[in-house]
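Colleague: Below is a structure I'd like to ask you about.
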Amino acid sequence: MPRLPALLLLLAAPPALAQEVTTATLDNGMEVVVIEDHRAPVAVHMVWYRTGSADEPPGVSGAAHFLEHLMFKATDHMAAGEFSRVVAENGGTDNAFTSYDYTAYYQRVAADRLPLMMEMEADRMNGLRLTSEDIETERQVILEERSTRVDSDPSSVAREQARAALFLNSRYGTPVIGWRHEMEGLGEDAVRDFYDLYYSPNNAILVVAGDVEPDDVIAMAKQHYGALPAEPGLPERFRAQEPPQLAPRRVTYEDQRVSQPYVARSYIAPSRGQGEAREAAALTYLAEILGGSSFTSVLAEKLTFDAHVALFSGAGYDGTALDDGTFAITVAPQPGVSLEEAEAAMDKAVAEFLQEGVDPGQLERIRTQLKASEIYARDNVEGLANRYGAGLASGLSVEDIKGWPEVLQQVTADDIMAAARDVLDPDSSVTLYVSPPPARRRHPTRPRPCPPRRPCHPPNPAPRRLPNDPCPSRRRRDRLGRRGPGRRGHPAGDLAGRHQGLAGGGALHPLHRA
């Protein structure tokens, strides 16, 4: 009997996740999620707090991320830095990250070290001890982090400005790391208030994944976390919501460090946290159809291969959010093509797609790719812990997360077109132009000068020239030296996020502890 290829056998499997997932709630309100995977004797231990930068009071942006750094300082039973040192001495790794809707701390260790991780994590949940020296030192660390990750990167600055214009009322318009002028004023009172209110077991989710038994994990959780007091004053998670958006907005950012100009358009979009699973799944497909491939997506075919307008194009949907999500389209034009021309070509391509509809063959290819991606995701125990933690902290249930692969497989072409017409509304969008200042721009029809001491007309036989190319040597250098679209290091390569399993996108620029 002939054997089917391994991928076909995988695709014949049910779409639901293979891992067993067990849940429990401790008496103090802490949720416990256990994901069994007995293939290797390791475990991932994560504590997710349902609080992120969008929960900060006005005027103290960056407090959630600042507190994440300070959580590695001294506690009732550990010295500053001892937490990570003990994890490393036991052969493990640890880190933390902050997003708009959550803050998470994790360790990956041998499964028999799990009790030690719980003991230390419970200690810093309730016993953090801060000094004025800690505050001053770590404030300089986060300011330097902003300098490195945002201020020194023109694309990061541009996206920060565009996001602030996209969200008129939501705290999603404030950067996770914070505005510099407010970060400079962060003191102990701001982080202490945040810690005392939100870092409590009834606002936390414990996720343990790996070579563990659910009953053992729940018993350990009761032993180490069960005695911690719940926060009686924990407020309802109410957020300022977006008003109706009635006008498109435009942001132009010029910076002499920009080497590749690009145009990007972002739209407000529904998230899975708002209970719109079917539409979120349709938007996941829409992102793949419009810009998921450098070769077969709608934008690539129309702008790169047909019209020769774009070096790179992409689309992305971020639906892992408690409130609104985002949908984005990006185009980096060819040399000699202006941003205005690139935007016009982008608009034309999207309008033609809305008129022509979804190609059935492309839809089925993407359906197969997404199904394969969900199956392969089962092999990543840390990824599974992340998808459950991020989903639960963003308003989803365990059943929502387990059922996501099946929802993806039920999406129809009509669903995709309905979502496209709903989301691709110019009035709920921001169009971003990123380019060098005018003095650095080359005129689209002006011949480029040859490099110094390099002749334009080398001795015969002369190499073949392209039309209107004044210098073959420069043409060859450009052709060989430029990275291709979508490759690692491409200046526009991180502008539009891609689907990442759980909710059509990962966290919004999570800031990992240095």
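Residues in the structure tokens are numbered from 1 in each chain, the chains being A, B, ... in the order shown, and ligands are numbered from 1 in the order shown.
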Do you have, as a tab-separated table, the list of residues of stretch 8-77 of chain A lying at most 12 Å from stretch 317-341 of chain A, each with its nearest atom pair and that distance in Å to one decimal, counting only C-alpha atoms and ordered by chain then number?
Modeller:
residue	atom	partner	partner_atom	distance
A:Arg50	CA	A:Leu322	CA	10.0
A:Thr51	CA	A:Leu322	CA	10.6
A:Gly52	CA	A:Leu322	CA	10.7
A:Ala54	CA	A:Leu322	CA	9.8
A:Asp55	CA	A:Leu322	CA	11.1
Colleague: From a backbone DSSP assignment, name each residue in stretch 122-254 of chain A labelled helix (DSSP H, G or I), as a ChimeraX atom specification.
Modeller: /A:122-126,132-151,154-166,171-173,180-183,188-198,201-203,214-224
Colleague: Would you output that residue set with C-alpha atoms, as a tab-separated table (two decimals), in the first residue's frame?
Modeller:
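So the final result, stored in out.tsv, reads:
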chain	number	residue	atom	x	y	z
A	122	ALA	CA	5.05	33.84	44.39
A	123	ASP	CA	7.64	35.65	46.51
A	124	ARG	CA	7.94	38.56	44.10
A	125	MET	CA	4.19	38.74	43.46
A	126	ASN	CA	3.66	39.90	47.02
A	132	SER	CA	15.27	54.89	45.68
A	133	GLU	CA	18.52	53.62	44.15
A	134	ASP	CA	16.62	50.90	42.30
A	135	ILE	CA	14.23	53.49	40.89
A	136	GLU	CA	16.97	55.85	39.72
A	137	THR	CA	19.13	53.12	38.21
A	138	GLU	CA	16.36	51.30	36.37
A	139	ARG	CA	14.83	54.53	35.09
A	140	GLN	CA	18.08	55.18	33.24
A	141	VAL	CA	17.91	51.64	31.85
A	142	ILE	CA	14.44	52.09	30.35
A	143	LEU	CA	15.36	55.53	28.97
A	144	GLU	CA	18.36	53.97	27.27
A	145	GLU	CA	16.10	51.18	26.01
A	146	ARG	CA	13.84	53.77	24.42
A	147	SER	CA	16.85	55.49	22.88
A	148	THR	CA	18.06	52.21	21.40
A	149	ARG	CA	14.79	50.63	20.28
A	150	VAL	CA	12.75	53.67	19.28
A	151	ASP	CA	14.59	56.97	19.04
A	154	PRO	CA	13.32	56.04	12.17
A	155	SER	CA	10.78	53.32	11.33
A	156	SER	CA	9.97	52.87	15.03
A	157	VAL	CA	9.52	56.61	15.52
A	158	ALA	CA	7.31	56.81	12.43
A	159	ARG	CA	5.10	53.91	13.51
A	160	GLU	CA	4.79	55.42	16.98
A	161	GLN	CA	3.54	58.69	15.49
A	162	ALA	CA	1.13	56.91	13.14
A	163	ARG	CA	-0.32	54.77	15.93
A	164	ALA	CA	-0.90	57.87	18.06
A	165	ALA	CA	-2.87	59.33	15.15
A	166	LEU	CA	-4.82	56.10	14.55
A	171	ARG	CA	-4.64	54.09	25.35
A	172	TYR	CA	-3.45	51.89	22.48
A	173	GLY	CA	-2.20	55.16	20.96
A	180	ARG	CA	10.12	60.00	27.03
A	181	HIS	CA	9.02	63.13	28.93
A	182	GLU	CA	6.72	61.02	31.13
A	183	MET	CA	9.28	58.23	31.59
A	188	GLU	CA	8.40	54.96	43.15
A	189	ASP	CA	4.84	56.11	43.84
A	190	ALA	CA	3.69	55.42	40.28
A	191	VAL	CA	5.12	51.90	40.10
A	192	ARG	CA	4.24	51.04	43.69
A	193	ASP	CA	0.59	51.98	43.14
A	194	PHE	CA	0.54	49.90	39.96
A	195	TYR	CA	2.16	46.94	41.72
A	196	ASP	CA	-0.09	47.02	44.79
A	197	LEU	CA	-3.27	47.17	42.71
A	198	TYR	CA	-2.62	44.85	39.79
A	201	PRO	CA	-3.44	36.47	42.39
A	202	ASN	CA	-7.00	37.39	41.37
A	203	ASN	CA	-5.52	39.36	38.46
A	214	PRO	CA	-2.20	18.49	36.01
A	215	ASP	CA	-2.99	17.29	39.53
A	216	ASP	CA	0.62	17.83	40.60
A	217	VAL	CA	0.75	21.33	39.11
A	218	ILE	CA	-2.52	22.38	40.73
A	219	ALA	CA	-1.33	21.04	44.10
A	220	MET	CA	1.95	22.99	43.76
A	221	ALA	CA	0.03	26.12	42.78
A	222	LYS	CA	-2.14	25.84	45.88
A	223	GLN	CA	0.96	25.40	48.03
A	224	HIS	CA	2.92	28.37	46.68
Colleague: Which residue, A:Leu384, A:Leu311, A:Leu283, A:Ile401, has the smallest gap to A:Ala419 when you use only C-alpha atoms?
Modeller: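 With only C-alpha atoms as the atom set, the closest residue is A:Leu283.
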Colleague: Could you name the residues that touch stretch 279-281 of chain A at 7 Å or less, counting only C-alpha atoms, but leaving out those on the same chain fewer than 5 positions away, as number ranges by chain?
Modeller: A: 270-272, 319, 407-408, 411, 419
Colleague: Keeping only N, CA and C atoms, write those residues as an mmCIF file, in the first residue's frame.
Modeller:
data_model
loop_
_atom_site.group_PDB
_atom_site.id
_atom_site.type_symbol
_atom_site.label_atom_id
_atom_site.label_comp_id
_atom_site.auth_asym_id
_atom_site.auth_seq_id
_atom_site.Cartn_x
_atom_site.Cartn_y
_atom_site.Cartn_z
ATOM 1 N N PRO A 270 -11.643 44.991 14.174
ATOM 2 C CA PRO A 270 -12.123 44.239 15.349
ATOM 3 C C PRO A 270 -11.100 43.206 15.780
ATOM 4 N N SER A 271 -11.074 42.910 17.071
ATOM 5 C CA SER A 271 -10.154 41.907 17.609
ATOM 6 C C SER A 271 -10.938 40.687 18.075
ATOM 7 N N ARG A 272 -10.235 39.612 18.322
ATOM 8 C CA ARG A 272 -10.893 38.424 18.864
ATOM 9 C C ARG A 272 -11.380 38.661 20.281
ATOM 10 N N GLY A 319 -4.898 40.827 15.816
ATOM 11 C CA GLY A 319 -6.188 40.687 16.478
ATOM 12 C C GLY A 319 -6.104 40.233 17.911
ATOM 13 N N VAL A 407 -12.165 27.405 13.616
ATOM 14 C CA VAL A 407 -12.769 28.630 13.082
ATOM 15 C C VAL A 407 -12.056 29.048 11.804
ATOM 16 N N LEU A 408 -10.728 28.943 11.790
ATOM 17 C CA LEU A 408 -9.968 29.300 10.596
ATOM 18 C C LEU A 408 -10.391 28.466 9.389
ATOM 19 N N VAL A 411 -13.772 29.572 7.360
ATOM 20 C CA VAL A 411 -13.894 30.867 6.690
ATOM 21 C C VAL A 411 -14.209 30.675 5.214
ATOM 22 N N ALA A 419 -15.481 41.178 5.511
ATOM 23 C CA ALA A 419 -14.520 41.777 6.440
ATOM 24 C C ALA A 419 -13.704 42.860 5.751
#
Colleague: Which residue is closest to A:Tyr225? Choose from A:Ala377, A:Leu432, A:Ala420, A:Leu26 and count only C-alpha atoms.
Modeller: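 Between A:Ala377, A:Leu432, A:Ala420, A:Leu26, the residue approaching A:Tyr225 most closely is A:Leu26.
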Colleague: Write out as an MDAnalysis selection string all residues of stretch 351-436 of chain A that DSSP puts in strand (DSSP E or B) for this structure's backbone.
Modeller: chainID A and resid 429:435
Colleague: Keeping C-alpha atoms for every residue in the selection just given, could you write it to a file as a compact mmCIF listing (two decimals), in the first residue's frame?
Modeller:
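In the end it all went to part-v6.txt:
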# COMPACT_ATOMS: atom_id res chain seq x y z
CA SER A 429 -7.30 54.84 8.66
CA VAL A 430 -3.97 56.61 8.91
CA THR A 431 -1.65 56.79 5.90
CA LEU A 432 2.03 57.11 6.79
CA TYR A 433 4.78 58.42 4.50
CA VAL A 434 8.36 57.70 5.62
CA SER A 435 11.21 59.18 3.60
Colleague: Ranking A:Met30, A:Ile366, A:Leu206, A:Ile177 by minimum distance to A:Trp48 and counting only C-alpha atoms, which one comes first?
Modeller: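 Smallest distance to A:Trp48 is found for A:Leu206.
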Colleague: I'd like to know which of A:Thr412, A:Ser266, A:Gln241, A:Ser200 is closest to A:Leu424, using only C-alpha atoms.
Modeller: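 Result for the nearest residue to A:Leu424: A:Ser266.
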Colleague: Using only C-alpha atoms, which protein or nucleic acid residues come within 6 Å of stretch 105-110 of chain A? Drop anything in the same chain fewer than 6 positions from it, and give the result as a PyMOL selection string.
Modeller: chain A and resi 42-47+92-96
Colleague: Measure the distance from atom CA of A:Leu290 to atom CA of A:Ile416 in Å and round it to one decimal.
Modeller: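 Straight-line distance from atom CA of A:Leu290 to atom CA of A:Ile416 works out to 11.2 Å.
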Colleague: Expressed in Å to a single decimal, how great is the separation between atom CA of A:Val398 and atom CA of A:Ala204?
Modeller: 15.0 Å
Colleague: May I ask for the distance between atom CA of A:Pro405 and atom CA of A:Asn386, given in Å to one decimal place?
Modeller: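 Here the two named atoms are 15.8 Å from each other.
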Colleague: With distances taken over only C-alpha atoms, which residue among A:Ala349, A:Ala247, A:Ala209, A:Ile268 lies nearest A:His38?
Modeller: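 Between A:Ala349, A:Ala247, A:Ala209, A:Ile268, the residue approaching A:His38 most closely is A:Ala209.
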Colleague: Closest to A:Pro41 among A:Val381, A:Gln245, A:Gly292, A:Gly316, using only C-alpha atoms?
Modeller: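 Closest to A:Pro41 of all the choices is A:Val381.
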